[in-house]
Structures are given as C-alpha cells and as structure tokens.
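Colleague: Next comes the structure file start.tsv, holding TSV, C-alpha atoms.
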chain	number	residue	atom	x	y	z
A	237	SER	CA	5.58	-56.76	17.69
A	238	MET	CA	4.07	-54.67	14.88
A	239	SER	CA	2.36	-57.70	13.34
A	240	ARG	CA	0.71	-58.60	16.65
A	241	LEU	CA	-0.42	-54.99	17.13
A	242	ARG	CA	-1.83	-54.96	13.60
A	243	GLU	CA	-3.77	-58.16	14.30
A	244	ARG	CA	-5.23	-56.68	17.49
A	245	VAL	CA	-6.35	-53.54	15.65
A	246	ILE	CA	-7.94	-55.61	12.87
A	247	SER	CA	-9.81	-57.71	15.43
A	248	LEU	CA	-11.44	-54.64	17.00
A	249	SER	CA	-15.09	-53.98	16.36
A	250	SER	CA	-15.93	-51.07	14.05
A	251	ASP	CA	-17.00	-48.93	17.03
A	252	ARG	CA	-13.79	-49.59	18.97
A	253	ARG	CA	-11.66	-49.00	15.87
A	254	ALA	CA	-13.39	-45.66	15.28
A	255	LEU	CA	-12.75	-44.72	18.90
A	256	LEU	CA	-9.06	-45.66	18.56
A	257	GLU	CA	-8.71	-43.57	15.38
A	258	GLU	CA	-10.35	-40.61	17.10
A	259	ARG	CA	-7.98	-40.84	20.07
A	260	LEU	CA	-4.92	-41.14	17.81
A	261	LEU	CA	-6.03	-38.12	15.80
A	262	HIS	CA	-6.57	-36.15	19.01
A	263	ALA	CA	-3.10	-37.11	20.25
A	264	HIS	CA	-1.59	-36.00	16.94
A	265	ARG	CA	-3.32	-32.63	17.16
A	266	GLN	CA	-2.13	-32.17	20.73
A	267	ARG	CA	1.49	-32.81	19.73
A	268	TRP	CA	1.45	-30.55	16.66
A	269	ARG	CA	2.20	-26.90	17.23
A	270	PRO	CA	2.34	-24.15	14.61
A	271	PRO	CA	5.85	-22.84	13.95
A	272	THR	CA	7.02	-19.87	15.97
A	273	ILE	CA	7.83	-17.02	13.62
A	274	PRO	CA	10.42	-14.62	15.06
A	275	ARG	CA	10.51	-10.87	14.60
A	276	ARG	CA	12.70	-9.77	11.75
A	277	ASN	CA	15.96	-8.13	12.72
A	278	ALA	CA	15.53	-4.39	12.11
A	279	SER	CA	18.89	-4.29	10.33
A	280	GLU	CA	17.73	-6.83	7.74
A	281	PRO	CA	16.18	-5.52	4.52
A	282	ALA	CA	12.44	-6.04	4.19
A	283	LEU	CA	11.39	-8.85	1.84
A	284	LEU	CA	8.23	-9.88	0.03
A	285	SER	CA	6.62	-13.25	0.61
A	286	PHE	CA	6.51	-15.55	-2.41
A	287	GLY	CA	2.83	-14.78	-2.95
A	288	GLN	CA	3.48	-11.04	-2.80
A	289	GLU	CA	6.37	-11.32	-5.22
A	290	GLN	CA	4.19	-13.17	-7.72
A	291	MET	CA	1.49	-10.48	-7.54
A	292	TRP	CA	4.10	-7.72	-7.85
A	293	PHE	CA	5.51	-9.38	-10.97
A	294	LEU	CA	2.04	-9.72	-12.53
A	295	ASP	CA	1.24	-6.12	-11.64
A	296	ARG	CA	4.36	-5.00	-13.54
A	297	LEU	CA	3.29	-7.03	-16.57
A	298	ASP	CA	-0.17	-5.45	-16.59
A	299	PRO	CA	-0.09	-2.23	-14.53
A	300	GLY	CA	-3.12	-0.10	-13.85
A	301	THR	CA	-5.64	-2.92	-13.49
A	302	ALA	CA	-7.97	-3.75	-10.60
A	303	THR	CA	-7.43	-7.52	-10.83
A	304	TYR	CA	-6.22	-7.83	-7.24
A	305	ASN	CA	-8.66	-5.38	-5.65
A	306	ILE	CA	-10.67	-6.92	-2.82
A	307	PRO	CA	-13.94	-5.01	-2.27
A	308	ASP	CA	-16.36	-5.29	0.61
A	309	VAL	CA	-19.62	-3.32	0.69
A	310	MET	CA	-21.99	-3.07	3.62
A	311	ARG	CA	-25.10	-1.05	4.36
A	312	LEU	CA	-25.08	0.80	7.66
A	313	SER	CA	-28.32	1.79	9.38
A	314	GLY	CA	-28.62	4.17	12.29
A	315	THR	CA	-26.50	6.97	13.68
A	316	LEU	CA	-22.94	6.98	12.39
A	317	ASN	CA	-20.05	8.87	13.92
A	318	VAL	CA	-17.85	9.53	10.89
A	319	GLU	CA	-14.96	10.90	12.97
A	320	ALA	CA	-14.86	7.72	15.05
A	321	LEU	CA	-14.99	5.59	11.91
A	322	GLN	CA	-12.11	7.59	10.46
A	323	ALA	CA	-10.14	7.07	13.66
A	324	GLY	CA	-10.78	3.33	13.40
A	325	PHE	CA	-9.39	3.08	9.89
A	326	ARG	CA	-6.36	5.18	10.75
A	327	SER	CA	-5.65	2.93	13.71
A	328	ILE	CA	-5.75	-0.15	11.47
A	329	VAL	CA	-3.39	1.40	8.91
A	330	SER	CA	-1.01	2.40	11.69
A	331	ARG	CA	-1.20	-1.02	13.32
A	332	HIS	CA	-0.60	-3.15	10.19
A	333	GLU	CA	2.63	-2.18	8.46
A	334	VAL	CA	1.76	-4.20	5.37
A	335	LEU	CA	-1.05	-1.76	4.57
A	336	ARG	CA	1.40	1.12	4.33
A	337	THR	CA	4.26	-0.66	2.62
A	338	ARG	CA	5.17	0.69	-0.79
A	339	ILE	CA	6.72	-1.74	-3.26
A	340	GLY	CA	9.08	-0.10	-5.70
A	341	SER	CA	11.75	-1.66	-7.87
A	342	VAL	CA	15.48	-1.29	-8.43
A	343	ASP	CA	17.18	-3.03	-11.35
A	344	GLY	CA	14.11	-5.22	-11.84
A	345	ALA	CA	13.93	-6.36	-8.20
A	346	ALA	CA	11.05	-5.60	-5.81
A	347	ILE	CA	12.01	-3.25	-2.98
A	348	PRO	CA	9.39	-2.92	-0.21
A	349	ALA	CA	9.67	0.16	1.98
A	350	LEU	CA	7.57	1.25	4.94
A	351	ASN	CA	5.73	4.54	4.46
A	352	ASP	CA	5.92	6.50	7.70
A	353	SER	CA	4.40	9.75	6.38
A	354	TRP	CA	0.95	8.64	5.30
A	355	GLU	CA	-2.55	10.05	5.42
A	356	PHE	CA	-5.83	8.19	5.35
A	357	GLU	CA	-9.12	9.86	4.53
A	358	ILE	CA	-12.52	8.26	3.96
A	359	ARG	CA	-13.92	9.41	0.62
A	360	HIS	CA	-17.39	10.89	1.07
A	361	PHE	CA	-20.33	10.93	-1.33
A	362	ASP	CA	-23.52	12.69	-0.21
A	363	LEU	CA	-26.66	11.58	-2.07
A	364	ARG	CA	-29.23	12.94	0.37
A	365	ASN	CA	-30.51	15.55	-2.10
A	366	LEU	CA	-31.26	13.00	-4.82
A	367	PRO	CA	-34.78	11.57	-5.28
A	368	ASP	CA	-35.19	8.28	-3.43
A	369	LYS	CA	-35.48	6.29	-6.68
A	370	ALA	CA	-32.17	7.67	-7.93
A	371	LYS	CA	-30.15	7.12	-4.75
A	372	GLU	CA	-29.61	3.36	-5.09
A	373	ALA	CA	-28.65	3.58	-8.76
A	374	GLU	CA	-26.17	6.38	-8.12
A	375	ALA	CA	-24.72	4.52	-5.12
A	376	ARG	CA	-24.16	1.39	-7.24
A	377	LYS	CA	-22.50	3.51	-9.94
A	378	ILE	CA	-20.11	5.07	-7.42
A	379	ILE	CA	-19.28	1.67	-5.92
A	380	ARG	CA	-18.54	0.16	-9.34
A	381	GLU	CA	-16.25	3.06	-10.21
A	382	LYS	CA	-14.34	2.96	-6.93
A	383	VAL	CA	-13.94	-0.83	-6.97
A	384	ARG	CA	-12.30	-0.59	-10.40
A	385	GLU	CA	-9.83	2.12	-9.44
A	386	PRO	CA	-6.40	0.49	-9.47
A	387	PHE	CA	-3.86	0.74	-6.68
A	388	ASN	CA	-0.39	2.02	-7.42
A	389	ILE	CA	1.52	-0.40	-5.21
A	390	ALA	CA	4.65	1.74	-5.43
A	391	GLN	CA	2.88	4.74	-3.87
A	392	ASP	CA	-0.55	4.07	-2.38
A	393	LEU	CA	-1.80	2.79	0.93
A	394	MET	CA	-3.23	-0.69	0.45
A	395	LEU	CA	-6.52	0.21	2.14
A	396	ARG	CA	-9.26	2.59	0.99
A	397	ALA	CA	-12.72	3.41	2.26
A	398	ALA	CA	-15.65	5.26	0.70
A	399	LEU	CA	-18.79	6.32	2.55
A	400	ILE	CA	-21.96	6.97	0.56
A	401	ARG	CA	-24.67	8.81	2.51
A	402	LEU	CA	-28.21	8.05	1.34
A	403	ARG	CA	-29.96	9.62	4.32
A	404	ASP	CA	-28.84	10.91	7.70
A	405	ASP	CA	-29.15	7.37	9.09
A	406	GLN	CA	-28.46	5.26	5.97
A	407	HIS	CA	-25.01	4.72	4.44
A	408	TYR	CA	-23.07	2.38	2.21
A	409	LEU	CA	-19.50	1.70	3.29
A	410	LEU	CA	-17.05	0.42	0.69
A	411	VAL	CA	-13.79	-1.03	2.01
A	412	LEU	CA	-11.19	-1.77	-0.63
A	413	THR	CA	-7.87	-3.53	-0.12
A	414	HIS	CA	-5.19	-4.86	-2.45
A	415	HIS	CA	-4.51	-8.57	-2.32
A	416	ILE	CA	-0.74	-8.02	-2.13
A	417	ALA	CA	-1.28	-6.76	1.42
A	418	TRP	CA	-4.57	-8.30	2.54
A	419	ASP	CA	-6.74	-11.29	1.75
A	420	VAL	CA	-10.36	-12.30	2.17
A	421	SER	CA	-9.59	-14.34	5.29
A	422	SER	CA	-8.26	-11.16	6.96
A	423	ARG	CA	-11.68	-9.54	6.72
A	424	MET	CA	-12.84	-10.68	10.16
A	425	ALA	CA	-9.69	-9.32	11.80
A	426	LEU	CA	-10.19	-5.97	10.08
A	427	TYR	CA	-13.80	-5.54	11.18
A	428	LYS	CA	-13.15	-6.80	14.69
A	429	GLU	CA	-10.39	-4.22	15.13
A	430	LEU	CA	-12.45	-1.51	13.44
A	431	SER	CA	-15.37	-2.17	15.79
A	432	THR	CA	-13.10	-2.05	18.84
A	433	VAL	CA	-11.49	1.24	17.86
A	434	TYR	CA	-14.81	2.76	16.76
A	435	GLN	CA	-16.45	2.02	20.10
A	436	ALA	CA	-13.44	3.37	21.97
A	437	ALA	CA	-13.51	6.59	19.93
A	438	LEU	CA	-17.25	6.98	20.60
A	439	ASN	CA	-16.58	6.78	24.32
A	440	SER	CA	-13.40	8.89	24.18
A	441	ALA	CA	-11.61	5.91	25.67
A	442	PRO	CA	-8.14	4.56	24.87
A	443	THR	CA	-8.01	1.86	22.22
A	444	LYS	CA	-7.57	-1.60	23.71
A	445	LEU	CA	-5.95	-3.63	20.95
A	446	PRO	CA	-3.15	-6.03	21.90
A	447	GLU	CA	0.20	-5.35	20.27
A	448	LEU	CA	0.82	-7.49	17.21
A	449	ARG	CA	3.41	-10.16	17.97
A	450	ILE	CA	4.70	-10.10	14.40
A	451	GLN	CA	4.15	-8.05	11.25
A	452	TYR	CA	3.70	-9.53	7.79
A	453	SER	CA	7.31	-8.65	6.92
A	454	ASP	CA	8.40	-10.96	9.74
A	455	PHE	CA	6.49	-13.81	8.11
A	456	ALA	CA	7.97	-13.01	4.69
A	457	SER	CA	11.51	-13.08	6.12
A	458	TRP	CA	10.79	-16.36	7.96
A	459	GLN	CA	9.33	-17.93	4.81
A	460	ARG	CA	12.44	-17.05	2.77
A	461	LYS	CA	14.79	-18.44	5.39
A	462	GLN	CA	12.75	-21.62	5.70
A	463	LEU	CA	13.20	-22.34	2.01
A	464	GLN	CA	16.94	-21.84	2.42
A	465	GLY	CA	16.96	-24.37	5.25
A	466	GLU	CA	18.14	-21.89	7.84
A	467	ILE	CA	15.57	-22.46	10.57
A	468	PHE	CA	15.23	-26.22	10.87
Kindly return the structure encoded in the file as structure tokens.
Modeller:
Amino acid sequence: SMSRLRERVISLSSDRRALLEERLLHAHRQRWRPPTIPRRNASEPALLSFGQEQMWFLDRLDPGTATYNIPDVMRLSGTLNVEALQAGFRSIVSRHEVLRTRIGSVDGAAIPALNDSWEFEIRHFDLRNLPDKAKEAEARKIIREKVREPFNIAQDLMLRAALIRLRDDQHYLLVLTHHIAWDVSSRMALYKELSTVYQAALNSAPTKLPELRIQYSDFASWQRKQLQGEIF
C-alpha cells in the first residue's frame, strides 16, 4: 500500500534516500522526450511565433529603434580570407529561412514572407592608413554607429556583418542580428556553422552541414496549433 511504501521511504537513511531520489530523477529524465515538431505543410500560410508577434507589435509602436538588435563583436588576429568569410555568412542566411523572412502587414495583421531574392554583403571599413592611436577609437565609433542602425523588419535581412581592418592581420568583426529572428542562445550555432563553412571555403571543399530538420516557421506553426489543442 502507499502508506507502507511511505513508511519504508521515511525509514531509509539519508544516504539511501538521496540515492533513491537520484534514481527516480534519472528514470524521469529517461522517460521524458522533447516533443516532435513536424514540418509545416507548404500550402499553409507562414505564421509568427507568439514571441515574434509581440516584438513585431512593439516595433510598429516604436519603429526605427535598435531595441532588439543583438550585437556581437570579436577581434580576429592572423590571416583572414574575406571571400571565405563572405561565403560562410551567405550559407547561413540561405540555410536559415528566418533570417531572410520579411514581416509586412495587411489590415493590421503581421504577414511573414520568405525573401528568395536576397543579397548579403559584409560591410568593410579599412583603417590601416590611420595612426595606431586613432585606430581603436575610430573602430569603436564605427561599431557604436552600426550597432544602433535599426532593422526594417519588413524589408531587411535579419543578419548583418561589418569587418573593420586595423592592419593586414588584425580585424574587428561585428555580427548584428535582430531578436525577432535570432537570440543570444543561437550564437553558438551561428559560429559553429560559420567556422565549418569558412574552413570548407578555404579548402575549396563542399560544405558539410546537415540539413535542418525543421525551420523556425515550422516551430511557429506547431506552437499555434498546440495552443488550439490540435496536436495532443
């Protein structure tokens, strides 16, 4: 009975009770599986997730701000192949549909649409001719300006990159994304993929990135249906 089981648990020593709790927790983790999110039917209209919709609404209330810009700045030392880096960014934009999804509006409703005719170019700033003491100050000024440039979510790609050359072998790389398409936790995925594609481009080898099982629009559609109780 439950009462007898409870008594046996209570009578256990602290060490044995801790061991029991650890085994129960492990069993729970083994049984739990994350939900399987299906691909969205191509005939269904694209939807925003609830988080995206909230940011879209706030962007309409206060357009032209950089509130949701996510910047990342790194200093690169050594030889840099700019063409390979460019190829890496283009591969990421091509691979992740959410980065090239424009969000317009019709009758006050958000309408996301995939942009299939896009271009991505790294913005270049060459400071090699400046005195050494002026390079860092000018680089910081450029970075501040670019970080504050707003995205037009109805037109722009949701990823930008700026490369500031201090010397032949010293650069600052600014990567800027909009939170409606990307978040801070996605940073590792971005740089892992960028590194893979960059190395492949250096070696003139084919890119070896596994196909994405789902796109973000698939998650957004799944999330909406879950709230409506359609997938339980």
Colleague: Could you build a table of the residues in range 295-324 of chain A lying no more than 12 Å from range 410-433 of chain A, giving for each the nearest pair of atoms and their separation in Å rounded to one decimal place, using only C-alpha atoms, ordered by chain and ascending residue number, as JSON lines?
Modeller:
{"residue": "A:Asp295", "atom": "CA", "partner": "A:Ile416", "partner_atom": "CA", "distance": 9.9}
{"residue": "A:Thr301", "atom": "CA", "partner": "A:His414", "partner_atom": "CA", "distance": 11.2}
{"residue": "A:Ala302", "atom": "CA", "partner": "A:His414", "partner_atom": "CA", "distance": 8.7}
{"residue": "A:Thr303", "atom": "CA", "partner": "A:His415", "partner_atom": "CA", "distance": 9.1}
{"residue": "A:Tyr304", "atom": "CA", "partner": "A:His415", "partner_atom": "CA", "distance": 5.3}
{"residue": "A:Asn305", "atom": "CA", "partner": "A:His414", "partner_atom": "CA", "distance": 4.7}
{"residue": "A:Ile306", "atom": "CA", "partner": "A:Thr413", "partner_atom": "CA", "distance": 5.2}
{"residue": "A:Pro307", "atom": "CA", "partner": "A:Leu412", "partner_atom": "CA", "distance": 4.6}
{"residue": "A:Asp308", "atom": "CA", "partner": "A:Val411", "partner_atom": "CA", "distance": 5.2}
{"residue": "A:Val309", "atom": "CA", "partner": "A:Leu410", "partner_atom": "CA", "distance": 4.5}
{"residue": "A:Met310", "atom": "CA", "partner": "A:Leu410", "partner_atom": "CA", "distance": 6.7}
{"residue": "A:Arg311", "atom": "CA", "partner": "A:Leu410", "partner_atom": "CA", "distance": 9.0}
{"residue": "A:Leu312", "atom": "CA", "partner": "A:Leu410", "partner_atom": "CA", "distance": 10.6}
{"residue": "A:Glu319", "atom": "CA", "partner": "A:Val433", "partner_atom": "CA", "distance": 11.4}
{"residue": "A:Ala320", "atom": "CA", "partner": "A:Val433", "partner_atom": "CA", "distance": 7.8}
{"residue": "A:Leu321", "atom": "CA", "partner": "A:Leu430", "partner_atom": "CA", "distance": 7.7}
{"residue": "A:Gln322", "atom": "CA", "partner": "A:Leu430", "partner_atom": "CA", "distance": 9.6}
{"residue": "A:Ala323", "atom": "CA", "partner": "A:Val433", "partner_atom": "CA", "distance": 7.3}
{"residue": "A:Gly324", "atom": "CA", "partner": "A:Val433", "partner_atom": "CA", "distance": 5.0}
Colleague: Hey, what's within 10 Å of Val334 in chain A if we count all atoms listed in the file and toss same-chain stuff fewer than 6 positions away? As a PyMOL selection string, please?
Modeller: chain A and resi 348-351+393-395+416-418+451-453
Colleague: Suppose we keep C-alpha atoms; can you now write the selection as a PDB file, in the coordinates of the input?
Modeller:
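Writing done, so here's result27.pdb:
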ATOM      1  CA  PRO A 348       9.390  -2.920  -0.210  1.00  0.00           C
ATOM      2  CA  ALA A 349       9.670   0.160   1.980  1.00  0.00           C
ATOM      3  CA  LEU A 350       7.570   1.250   4.940  1.00  0.00           C
ATOM      4  CA  ASN A 351       5.730   4.540   4.460  1.00  0.00           C
ATOM      5  CA  LEU A 393      -1.800   2.790   0.930  1.00  0.00           C
ATOM      6  CA  MET A 394      -3.230  -0.690   0.450  1.00  0.00           C
ATOM      7  CA  LEU A 395      -6.520   0.210   2.140  1.00  0.00           C
ATOM      8  CA  ILE A 416      -0.740  -8.020  -2.130  1.00  0.00           C
ATOM      9  CA  ALA A 417      -1.280  -6.760   1.420  1.00  0.00           C
ATOM     10  CA  TRP A 418      -4.570  -8.300   2.540  1.00  0.00           C
ATOM     11  CA  GLN A 451       4.150  -8.050  11.250  1.00  0.00           C
ATOM     12  CA  TYR A 452       3.700  -9.530   7.790  1.00  0.00           C
ATOM     13  CA  SER A 453       7.310  -8.650   6.920  1.00  0.00           C
TER      14      SER A 453
END
Colleague: Out of A:Ala390, A:Leu409, A:Ala346, A:Leu445, which residue has the shortest atom-to-atom distance to Arg376 in chain A when counting only C-alpha atoms?
Modeller: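 Between A:Ala390, A:Leu409, A:Ala346, A:Leu445, the residue approaching Arg376 in chain A most closely is A:Leu409.
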Colleague: What does the distance between CA of Ala375 in chain A and CA of Leu402 in chain A come to in Å, to one decimal place?
Modeller: 8.1 Å
Colleague: Can you tell me how far CA of Ile347 in chain A sits from CA of Arg296 in chain A, in Å to one decimal?
Modeller: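 Separating CA of Ile347 in chain A from CA of Arg296 in chain A is a distance of 13.2 Å.
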